Amino acid sequence: MRLNIMKKKIVLIIFIIGIIKVEAQTSAFKSIDELINRGRYNKALISLKNMPETFLSNRKIASIYEVIDNVKLAIMYYEKALIIKDDYTTRVKLGKLYKKTKYFPKAITVFKDIVNKDPDNLLISYQLGKLYLLIKKPKKAITIFKKLIERDSANANYYYYKGLAYKLLKKRNLKINSFLEAYKKDKAHIKAIEFLAHSYTALRYRDSAKIFIDKGLEINPSHIKLNKLKINSLYRRKKYAEAIQILKKIDTLKRNELYTQNMLGRSFYNLKKYQKAEEYFTKAKQIDHLDYRIYGYLGDVSFDQKKYKEASLRYMYATFIGKELRDVEYYKLARTYEELNNPKLAIKAYGNALKENYRNYKALYQLATVSESYYKNKKIAYKHYKGYMNRFEMKDSVLSDHVKRRLIEIKKFYFKKGEVLD
């Protein structure tokens, strides 16, 4: 009997000690919370690190580091907390921090585990789907977003991200259909509208593109990308004055952007307002002095004003700094040399245009005509005319008719001399 009484006393003592420890721990955490609320996070961290290491102490330390954006240490202490005790909320926090720090495979592992154990957690499933997109795993993303749509078909974002996954897979129709579904679910879904506008523009479905460009700009008149699509559409339709109005608007929203200055220059050039065109092309050149096309546009401004020497220098500089296909610039340089009565340099420049782009049929045509005028040996021009007919006869009927006449005349010329040309 005495033994039983003794056992009961020991159990009671252990129970009381446990209560005291819990109360002490609770009291300690209360005082730490007070320090945190008053911004004394350094003192709070010192107190926590002096306590015995527990799940709660590690999680509390991690939460402090998370608040002060020390993500690396926050991750370390959340990991330590989870070693001691598996906890749902802590795993969610850790997964989000992995994502924030671009530890995508680790974040995926955490979120997959959560979803497997709790399929009803649509928020984590949504995050997991987006993570698969970030690591370019579109098929896995599609599987998740399809499941999410089954659970909540009203959420436009699920269709939108499914569209992004199909975009990665280059499934054009499925991509567009997904963005259309997103738009049907949410008529103000600006991201879906933007992608639809881009997609229809790329497909040259101009009426559909215009519908979504205009809808998007109704929702957000300051949307830069949609404004650019609108400008490009106006420019294609030669509505340069309208394009200029929008260009000036977006120039106030995003100052000194290359696209804006360049398009303002090109629009004013097409309106034959050369001084304004030169002003904006010069601004564009200051933004990117290595963009060779700008020097080509400046050459056009000079050429149209019959400043041929200046135009030749600008075209020459464009061909000098350009690294991509420069056949247009060489072609324009050659045309300028013709105006300067320098056929030898014109022939060389037309030849360079063809070297840059063998499909430039105008350059080959001009090379042939200038060669015929410059060289006494008409066989040189004959060779170029033959080359034109073999490659580009169906390209331009007017040019081709002229080439046919010149071939006949040159053959006659040599026939009279007793020589037959093939």
# chains A, B, ... in the order shown; residues from 1 in each chain; ligands from 1
$ select_by_dssp --residues "range 296-365 of chain A" --states "helix (DSSP H, G or I)" --output "ChimeraX atom specification"
/A:296-304,308-321,327-339,343-356,361-365
$ residues_around --residues "range 233-248 of chain A" --least-positions-apart "2" --cutoff "8 Å" --atoms "only C-alpha atoms" --output "MDAnalysis selection string"
chainID A and resid 227 229:231 250:252 260 263:264 267:268 270:271
$ residues_around --residues "Gly351 in chain A" --least-positions-apart "4" --cutoff "10 Å" --atoms "only C-alpha atoms" --output "VMD selection string"
chain A and resid 327 330 to 331 334 345 to 347 355 to 358 363 to 364 366 to 367
$ write_last_selection --atoms "N, CA, C and O atoms" --output "PDB file, in the first residue's frame"
ATOM      1  N   ASP A 327      22.130  43.528 -95.462  1.00  0.00           N
ATOM      2  CA  ASP A 327      21.927  43.687 -96.902  1.00  0.00           C
ATOM      3  C   ASP A 327      21.147  44.954 -97.245  1.00  0.00           C
ATOM      4  O   ASP A 327      21.420  45.598 -98.260  1.00  0.00           O
ATOM      5  N   TYR A 330      23.609  47.841 -97.055  1.00  0.00           N
ATOM      6  CA  TYR A 330      24.507  47.823 -98.209  1.00  0.00           C
ATOM      7  C   TYR A 330      23.764  48.254 -99.480  1.00  0.00           C
ATOM      8  O   TYR A 330      24.314  48.974-100.331  1.00  0.00           O
ATOM      9  N   TYR A 331      22.525  47.820 -99.606  1.00  0.00           N
ATOM     10  CA  TYR A 331      21.721  48.186-100.769  1.00  0.00           C
ATOM     11  C   TYR A 331      21.521  49.709-100.831  1.00  0.00           C
ATOM     12  O   TYR A 331      21.683  50.337-101.887  1.00  0.00           O
ATOM     13  N   ALA A 334      24.719  51.447-101.752  1.00  0.00           N
ATOM     14  CA  ALA A 334      24.957  51.352-103.189  1.00  0.00           C
ATOM     15  C   ALA A 334      24.103  52.364-103.952  1.00  0.00           C
ATOM     16  O   ALA A 334      24.583  53.043-104.871  1.00  0.00           O
ATOM     17  N   LEU A 345      31.912  51.883-106.754  1.00  0.00           N
ATOM     18  CA  LEU A 345      31.576  51.608-105.358  1.00  0.00           C
ATOM     19  C   LEU A 345      30.149  51.079-105.221  1.00  0.00           C
ATOM     20  O   LEU A 345      29.853  50.280-104.328  1.00  0.00           O
ATOM     21  N   ALA A 346      29.274  51.527-106.121  1.00  0.00           N
ATOM     22  CA  ALA A 346      27.884  51.025-106.104  1.00  0.00           C
ATOM     23  C   ALA A 346      27.868  49.518-106.386  1.00  0.00           C
ATOM     24  O   ALA A 346      27.180  48.751-105.707  1.00  0.00           O
ATOM     25  N   ILE A 347      28.654  49.093-107.393  1.00  0.00           N
ATOM     26  CA  ILE A 347      28.740  47.667-107.734  1.00  0.00           C
ATOM     27  C   ILE A 347      29.248  46.868-106.538  1.00  0.00           C
ATOM     28  O   ILE A 347      28.713  45.797-106.208  1.00  0.00           O
ATOM     29  N   LYS A 355      26.028  39.171-100.734  1.00  0.00           N
ATOM     30  CA  LYS A 355      26.786  38.284 -99.848  1.00  0.00           C
ATOM     31  C   LYS A 355      26.092  38.149 -98.497  1.00  0.00           C
ATOM     32  O   LYS A 355      26.081  37.083 -97.882  1.00  0.00           O
ATOM     33  N   GLU A 356      25.519  39.263 -98.010  1.00  0.00           N
ATOM     34  CA  GLU A 356      24.809  39.246 -96.729  1.00  0.00           C
ATOM     35  C   GLU A 356      23.511  38.456 -96.827  1.00  0.00           C
ATOM     36  O   GLU A 356      23.122  37.759 -95.903  1.00  0.00           O
ATOM     37  N   ASN A 357      22.834  38.594 -97.975  1.00  0.00           N
ATOM     38  CA  ASN A 357      21.528  37.943 -98.140  1.00  0.00           C
ATOM     39  C   ASN A 357      21.338  37.589 -99.611  1.00  0.00           C
ATOM     40  O   ASN A 357      20.985  38.441-100.427  1.00  0.00           O
ATOM     41  N   TYR A 358      21.587  36.326 -99.945  1.00  0.00           N
ATOM     42  CA  TYR A 358      21.526  35.891-101.344  1.00  0.00           C
ATOM     43  C   TYR A 358      20.092  35.952-101.898  1.00  0.00           C
ATOM     44  O   TYR A 358      19.881  35.831-103.109  1.00  0.00           O
ATOM     45  N   ALA A 363      18.899  43.644-105.060  1.00  0.00           N
ATOM     46  CA  ALA A 363      20.337  43.907-105.105  1.00  0.00           C
ATOM     47  C   ALA A 363      20.962  43.258-106.344  1.00  0.00           C
ATOM     48  O   ALA A 363      21.812  43.855-107.015  1.00  0.00           O
ATOM     49  N   LEU A 364      20.530  42.013-106.661  1.00  0.00           N
ATOM     50  CA  LEU A 364      21.065  41.335-107.845  1.00  0.00           C
ATOM     51  C   LEU A 364      20.639  42.057-109.119  1.00  0.00           C
ATOM     52  O   LEU A 364      21.445  42.208-110.061  1.00  0.00           O
ATOM     53  N   GLN A 366      19.929  45.286-109.459  1.00  0.00           N
ATOM     54  CA  GLN A 366      20.692  46.542-109.560  1.00  0.00           C
ATOM     55  C   GLN A 366      22.152  46.261-109.914  1.00  0.00           C
ATOM     56  O   GLN A 366      22.770  47.011-110.669  1.00  0.00           O
ATOM     57  N   LEU A 367      22.699  45.187-109.347  1.00  0.00           N
ATOM     58  CA  LEU A 367      24.079  44.809-109.674  1.00  0.00           C
ATOM     59  C   LEU A 367      24.216  44.570-111.175  1.00  0.00           C
ATOM     60  O   LEU A 367      25.203  44.994-111.805  1.00  0.00           O
TER      61      LEU A 367
END
$ residues_around --residues "Asn155 in chain A" --least-positions-apart "4" --cutoff "9 Å" --atoms "only C-alpha atoms" --output "PyMOL selection string"
chain A and resi 148-149+159+182+185-186
$ atom_distance --atom1 "CA of Thr54 in chain A" --atom2 "CA of Ala74 in chain A"
15.4 Å
$ residues_around --residues "range 375-377 of chain A" --least-positions-apart "4" --cutoff "10 Å" --atoms "only C-alpha atoms" --output "JSON list (two decimals) with all heavy atoms, in the first residue's frame"
[["chain", "number", "residue", "atom", "x", "y", "z"],
["A", 343, "PRO", "N", 29.79, 54.51, -109.81],
["A", 343, "PRO", "CA", 29.27, 53.16, -110.09],
["A", 343, "PRO", "C", 30.17, 52.04, -109.58],
["A", 343, "PRO", "O", 29.67, 50.97, -109.22],
["A", 343, "PRO", "CB", 29.18, 53.13, -111.61],
["A", 343, "PRO", "CG", 30.11, 54.19, -112.09],
["A", 343, "PRO", "CD", 30.09, 55.26, -111.04],
["A", 344, "LYS", "N", 31.48, 52.28, -109.54],
["A", 344, "LYS", "CA", 32.39, 51.23, -109.07],
["A", 344, "LYS", "C", 32.09, 50.85, -107.62],
["A", 344, "LYS", "O", 31.99, 49.67, -107.27],
["A", 344, "LYS", "CB", 33.84, 51.73, -109.19],
["A", 344, "LYS", "CG", 34.86, 50.65, -108.88],
["A", 344, "LYS", "CD", 36.27, 51.17, -109.12],
["A", 344, "LYS", "CE", 37.29, 50.07, -108.80],
["A", 344, "LYS", "NZ", 38.68, 50.56, -109.03],
["A", 370, "VAL", "N", 23.76, 48.14, -113.17],
["A", 370, "VAL", "CA", 24.91, 49.05, -113.01],
["A", 370, "VAL", "C", 26.13, 48.45, -113.70],
["A", 370, "VAL", "O", 26.92, 49.17, -114.33],
["A", 370, "VAL", "CB", 25.20, 49.33, -111.51],
["A", 370, "VAL", "CG1", 26.43, 50.22, -111.36],
["A", 370, "VAL", "CG2", 24.01, 49.98, -110.84],
["A", 371, "SER", "N", 26.28, 47.13, -113.60],
["A", 371, "SER", "CA", 27.41, 46.47, -114.27],
["A", 371, "SER", "C", 27.32, 46.66, -115.79],
["A", 371, "SER", "O", 28.34, 46.88, -116.46],
["A", 371, "SER", "CB", 27.41, 44.97, -113.96],
["A", 371, "SER", "OG", 27.64, 44.75, -112.59],
["A", 381, "ALA", "N", 27.36, 41.64, -116.96],
["A", 381, "ALA", "CA", 25.95, 41.93, -116.70],
["A", 381, "ALA", "C", 25.08, 40.74, -117.11],
["A", 381, "ALA", "O", 24.12, 40.39, -116.42],
["A", 381, "ALA", "CB", 25.52, 43.18, -117.44],
["A", 382, "TYR", "N", 25.44, 40.12, -118.28],
["A", 382, "TYR", "CA", 24.68, 38.98, -118.79],
["A", 382, "TYR", "C", 24.63, 37.85, -117.74],
["A", 382, "TYR", "O", 23.57, 37.25, -117.51],
["A", 382, "TYR", "CB", 25.32, 38.47, -120.07],
["A", 382, "TYR", "CG", 24.54, 37.38, -120.77],
["A", 382, "TYR", "CD1", 23.45, 37.70, -121.60],
["A", 382, "TYR", "CD2", 24.89, 36.04, -120.62],
["A", 382, "TYR", "CE1", 22.74, 36.70, -122.24],
["A", 382, "TYR", "CE2", 24.17, 35.04, -121.26],
["A", 382, "TYR", "CZ", 23.10, 35.37, -122.07],
["A", 382, "TYR", "OH", 22.39, 34.38, -122.71]]
$ residues_around --residues "Tyr295 in chain A" --least-positions-apart "2" --cutoff "10 Å" --atoms "only C-alpha atoms" --output "PyMOL selection string"
chain A and resi 281-282+284-285+289-293+297-301+311+313-319+321-322+329
$ closest_residue --among "A:Tyr361, A:Tyr158, A:Phe320, A:Phe195" --to "Lys175 in chain A" --atoms "only C-alpha atoms"
A:Phe195
$ residues_around --residues "Met76 in chain A" --least-positions-apart "2" --cutoff "10 Å" --atoms "only C-alpha atoms" --output "list in words"
Asn58, Arg59, Ile61, Ala62, Tyr65, Val71, Lys72, Leu73, Ala74, Tyr78, Glu79, Lys80, Ala81 and Leu94 of chain A
$ atom_distance --atom1 "CA of Gly95 in chain A" --atom2 "CA of Phe111 in chain A"
6.3 Å
$ decode --residues "range 86-108 of chain A" --atoms "N, CA, C and O atoms" --output "PDB file, in the first residue's frame"
ATOM      1  N   ASP A  86       7.311  16.842 -37.207  1.00  0.00           N
ATOM      2  CA  ASP A  86       6.684  17.109 -38.501  1.00  0.00           C
ATOM      3  C   ASP A  86       5.453  17.975 -38.261  1.00  0.00           C
ATOM      4  O   ASP A  86       4.593  17.629 -37.454  1.00  0.00           O
ATOM      5  N   ASP A  87       5.395  19.107 -38.953  1.00  0.00           N
ATOM      6  CA  ASP A  87       4.287  20.044 -38.728  1.00  0.00           C
ATOM      7  C   ASP A  87       3.841  20.615 -40.069  1.00  0.00           C
ATOM      8  O   ASP A  87       4.666  21.115 -40.854  1.00  0.00           O
ATOM      9  N   TYR A  88       2.568  20.560 -40.313  1.00  0.00           N
ATOM     10  CA  TYR A  88       1.979  20.964 -41.596  1.00  0.00           C
ATOM     11  C   TYR A  88       2.298  22.422 -41.935  1.00  0.00           C
ATOM     12  O   TYR A  88       2.820  22.742 -43.011  1.00  0.00           O
ATOM     13  N   THR A  89       1.992  23.336 -41.017  1.00  0.00           N
ATOM     14  CA  THR A  89       2.170  24.772 -41.255  1.00  0.00           C
ATOM     15  C   THR A  89       3.631  25.108 -41.508  1.00  0.00           C
ATOM     16  O   THR A  89       3.951  25.915 -42.394  1.00  0.00           O
ATOM     17  N   THR A  90       4.513  24.468 -40.757  1.00  0.00           N
ATOM     18  CA  THR A  90       5.947  24.727 -40.911  1.00  0.00           C
ATOM     19  C   THR A  90       6.441  24.253 -42.265  1.00  0.00           C
ATOM     20  O   THR A  90       7.259  24.907 -42.913  1.00  0.00           O
ATOM     21  N   ARG A  91       5.936  23.103 -42.741  1.00  0.00           N
ATOM     22  CA  ARG A  91       6.322  22.608 -44.050  1.00  0.00           C
ATOM     23  C   ARG A  91       5.874  23.560 -45.156  1.00  0.00           C
ATOM     24  O   ARG A  91       6.599  23.799 -46.129  1.00  0.00           O
ATOM     25  N   VAL A  92       4.678  24.122 -45.002  1.00  0.00           N
ATOM     26  CA  VAL A  92       4.170  25.094 -45.980  1.00  0.00           C
ATOM     27  C   VAL A  92       5.085  26.317 -46.027  1.00  0.00           C
ATOM     28  O   VAL A  92       5.475  26.791 -47.102  1.00  0.00           O
ATOM     29  N   LYS A  93       5.447  26.821 -44.836  1.00  0.00           N
ATOM     30  CA  LYS A  93       6.331  27.996 -44.757  1.00  0.00           C
ATOM     31  C   LYS A  93       7.684  27.694 -45.401  1.00  0.00           C
ATOM     32  O   LYS A  93       8.222  28.508 -46.148  1.00  0.00           O
ATOM     33  N   LEU A  94       8.226  26.516 -45.111  1.00  0.00           N
ATOM     34  CA  LEU A  94       9.522  26.135 -45.660  1.00  0.00           C
ATOM     35  C   LEU A  94       9.450  26.034 -47.186  1.00  0.00           C
ATOM     36  O   LEU A  94      10.338  26.524 -47.893  1.00  0.00           O
ATOM     37  N   GLY A  95       8.389  25.423 -47.684  1.00  0.00           N
ATOM     38  CA  GLY A  95       8.219  25.304 -49.141  1.00  0.00           C
ATOM     39  C   GLY A  95       8.165  26.658 -49.818  1.00  0.00           C
ATOM     40  O   GLY A  95       8.779  26.867 -50.880  1.00  0.00           O
ATOM     41  N   LYS A  96       7.460  27.603 -49.218  1.00  0.00           N
ATOM     42  CA  LYS A  96       7.350  28.950 -49.790  1.00  0.00           C
ATOM     43  C   LYS A  96       8.698  29.661 -49.802  1.00  0.00           C
ATOM     44  O   LYS A  96       9.021  30.414 -50.739  1.00  0.00           O
ATOM     45  N   LEU A  97       9.490  29.445 -48.737  1.00  0.00           N
ATOM     46  CA  LEU A  97      10.819  30.062 -48.694  1.00  0.00           C
ATOM     47  C   LEU A  97      11.756  29.426 -49.716  1.00  0.00           C
ATOM     48  O   LEU A  97      12.589  30.117 -50.321  1.00  0.00           O
ATOM     49  N   TYR A  98      11.642  28.120 -49.919  1.00  0.00           N
ATOM     50  CA  TYR A  98      12.425  27.471 -50.975  1.00  0.00           C
ATOM     51  C   TYR A  98      12.097  28.087 -52.342  1.00  0.00           C
ATOM     52  O   TYR A  98      12.986  28.352 -53.148  1.00  0.00           O
ATOM     53  N   LYS A  99      10.814  28.323 -52.559  1.00  0.00           N
ATOM     54  CA  LYS A  99      10.395  28.929 -53.826  1.00  0.00           C
ATOM     55  C   LYS A  99      10.935  30.346 -53.954  1.00  0.00           C
ATOM     56  O   LYS A  99      11.447  30.737 -55.006  1.00  0.00           O
ATOM     57  N   LYS A 100      10.855  31.099 -52.862  1.00  0.00           N
ATOM     58  CA  LYS A 100      11.312  32.489 -52.863  1.00  0.00           C
ATOM     59  C   LYS A 100      12.791  32.580 -53.198  1.00  0.00           C
ATOM     60  O   LYS A 100      13.233  33.510 -53.886  1.00  0.00           O
ATOM     61  N   THR A 101      13.568  31.629 -52.690  1.00  0.00           N
ATOM     62  CA  THR A 101      15.021  31.638 -52.909  1.00  0.00           C
ATOM     63  C   THR A 101      15.428  30.836 -54.143  1.00  0.00           C
ATOM     64  O   THR A 101      16.606  30.585 -54.369  1.00  0.00           O
ATOM     65  N   LYS A 102      14.421  30.425 -54.937  1.00  0.00           N
ATOM     66  CA  LYS A 102      14.656  29.698 -56.187  1.00  0.00           C
ATOM     67  C   LYS A 102      15.283  28.310 -55.978  1.00  0.00           C
ATOM     68  O   LYS A 102      15.935  27.783 -56.881  1.00  0.00           O
ATOM     69  N   TYR A 103      15.077  27.734 -54.811  1.00  0.00           N
ATOM     70  CA  TYR A 103      15.423  26.325 -54.614  1.00  0.00           C
ATOM     71  C   TYR A 103      14.225  25.494 -55.074  1.00  0.00           C
ATOM     72  O   TYR A 103      13.535  24.845 -54.281  1.00  0.00           O
ATOM     73  N   PHE A 104      13.959  25.556 -56.384  1.00  0.00           N
ATOM     74  CA  PHE A 104      12.717  25.002 -56.907  1.00  0.00           C
ATOM     75  C   PHE A 104      12.566  23.494 -56.685  1.00  0.00           C
ATOM     76  O   PHE A 104      11.484  23.040 -56.304  1.00  0.00           O
ATOM     77  N   PRO A 105      13.613  22.683 -56.908  1.00  0.00           N
ATOM     78  CA  PRO A 105      13.442  21.227 -56.665  1.00  0.00           C
ATOM     79  C   PRO A 105      13.067  20.929 -55.212  1.00  0.00           C
ATOM     80  O   PRO A 105      12.222  20.054 -54.961  1.00  0.00           O
ATOM     81  N   LYS A 106      13.680  21.650 -54.254  1.00  0.00           N
ATOM     82  CA  LYS A 106      13.344  21.431 -52.840  1.00  0.00           C
ATOM     83  C   LYS A 106      11.907  21.859 -52.557  1.00  0.00           C
ATOM     84  O   LYS A 106      11.181  21.185 -51.821  1.00  0.00           O
ATOM     85  N   ALA A 107      11.507  22.991 -53.124  1.00  0.00           N
ATOM     86  CA  ALA A 107      10.134  23.476 -52.930  1.00  0.00           C
ATOM     87  C   ALA A 107       9.139  22.468 -53.489  1.00  0.00           C
ATOM     88  O   ALA A 107       8.103  22.187 -52.870  1.00  0.00           O
ATOM     89  N   ILE A 108       9.456  21.918 -54.662  1.00  0.00           N
ATOM     90  CA  ILE A 108       8.569  20.926 -55.286  1.00  0.00           C
ATOM     91  C   ILE A 108       8.443  19.689 -54.405  1.00  0.00           C
ATOM     92  O   ILE A 108       7.339  19.153 -54.216  1.00  0.00           O
TER      93      ILE A 108
END
